[in-house]
Amino acid sequence: MRNQFFDQERKIIVGDPMTDESWDSLLPLPLQTLSPFQWTPISVIERTWKYLFSDGVTSVVDLGSGVGKFCIYLSLLSSDSIEVIGLEDREELLSVSEAIKKHWGVSRVQFQKKNFLTHFPYGHSHYYCFNPLYETIKGSHSIDLKKNKSANQFLKDLHTFKQNLFLLKPKSKLITFHGFGGSYLPGFRLVLNEEISGGEFQVWEKDKS
Ligand SMILES: C[S@@+](CC[C@H](N)C(=O)[O-])C[C@H]1O[C@@H](n2cnc3c(N)ncnc32)[C@H](O)[C@@H]1O
């Protein structure tokens, strides 16, 4: 049966350079509209792959994987050579991710319905996030209205997030686009800081001790 998401599909020709427009055209319209604010741009995923490839990546976790854009395109760029895991707490976004994963036929991407604050996935070489805690701060372009917007909640979540990251093994990397929510990450040092697609692309490395 044809997937409902692809009824309006514009054809993507294998071999053509990927663009945000062509990727996003697979999404239901309301999620396409959110793309510039919520889903990682193609150029940032390409930069991430270049970094990961040079850094001996074995597995990457996207903390808050949304519609799966980062995970699926990264897996395509890597030709399924690495394990990619997406954790997302919104069921609807996971169904969209699964549908798009099937469309592209990537075999080494796994999506899990998990809250990474309460079930942090330890044991991977690299982690990625696109400012997932930002949604608890008042602002526009929200995915939905299901989560409370509260400065207190944001600070609590940021504290938990930093505590989880502090327990990562030495040399683990956290790659961020538009940050992780704070400006200082205890136990880590900033090893890369670039501007791509109007956003801050940073890599943090966990200290030896
Ligand atoms: C800005 S979007 C980025 C999506 C994806 N990483 C990308 O770059 O295309 C942040 C995502 O994190 C998810 N998220 C926020 N807090 C989360 C949590 N505690 N556990 C799991 N997912 C979370 C949101 O539902 C949203 O899909």
# chains A, B, ... in the order shown; residues from 1 in each chain; ligands from 1
call {"tool": "residues_near_ligand", "arguments": {"ligand": "ligand 1", "cutoff": "8 Å", "atoms": "only C-alpha atoms and all ligand atoms", "output": "PyMOL selection string"}}
result
chain A and resi 35+37-41+62-71+86-90+93+113-118+128-135+143+157+177
call {"tool": "residues_around", "arguments": {"residues": "Ser59 (chain A)", "least_positions_apart": "4", "cutoff": "10 Å", "atoms": "only C-alpha atoms", "output": "number ranges by chain"}}
result
A: 52, 81-85, 108, 123-127
call {"tool": "select_by_dssp", "arguments": {"residues": "region 16-148 of chain A", "states": "strand (DSSP E or B)", "output": "list in words"}}
result
Ser59, Val60, Val61, Asp62, Leu63, Glu83, Val84, Ile85, Gly86, Leu87, Glu88, Val109, Gln110, Phe111, Gln112, Lys113, His126, Tyr127, Tyr128 and Cys129 of chain A
call {"tool": "closest_residue", "arguments": {"among": "A:Glu205, A:Glu200, A:Glu92, A:Glu195", "to": "Thr176 (chain A)", "atoms": "only C-alpha atoms"}}
result
A:Glu200
call {"tool": "select_by_dssp", "arguments": {"residues": "region 30-149 of chain A", "states": "helix (DSSP H, G or I)", "output": "PyMOL selection string"}}
result
chain A and resi 30-38+42-54+69-77+91-104+132-136
call {"tool": "closest_residue", "arguments": {"among": "A:Ser78, A:Gln32, A:Ser43, A:Ser197", "to": "Val60 (chain A)", "atoms": "only C-alpha atoms"}}
result
A:Ser78
call {"tool": "atom_distance", "arguments": {"atom1": "CA of His119 (chain A)", "atom2": "CA of Lys156 (chain A)"}}
result
15.7 Å
call {"tool": "residues_around", "arguments": {"residues": "Thr48 (chain A)", "least_positions_apart": "5", "cutoff": "9 Å", "atoms": "only C-alpha atoms", "output": "list of chain:residue names"}}
result
A:Ser43, A:Phe53, A:Leu74, A:Ile175, A:Phe201
call {"tool": "residues_around", "arguments": {"residues": "Gly139 (chain A)", "least_positions_apart": "2", "cutoff": "12 Å", "atoms": "only C-alpha atoms", "output": "ChimeraX atom specification"}}
result
/A:37,134-137,141-145,148-151
call {"tool": "atom_distance", "arguments": {"atom1": "CA of Leu168 (chain A)", "atom2": "CA of Lys206 (chain A)"}}
result
7.1 Å
call {"tool": "atom_distance", "arguments": {"atom1": "CA of Trp104 (chain A)", "atom2": "CA of Leu31 (chain A)"}}
result
18.3 Å
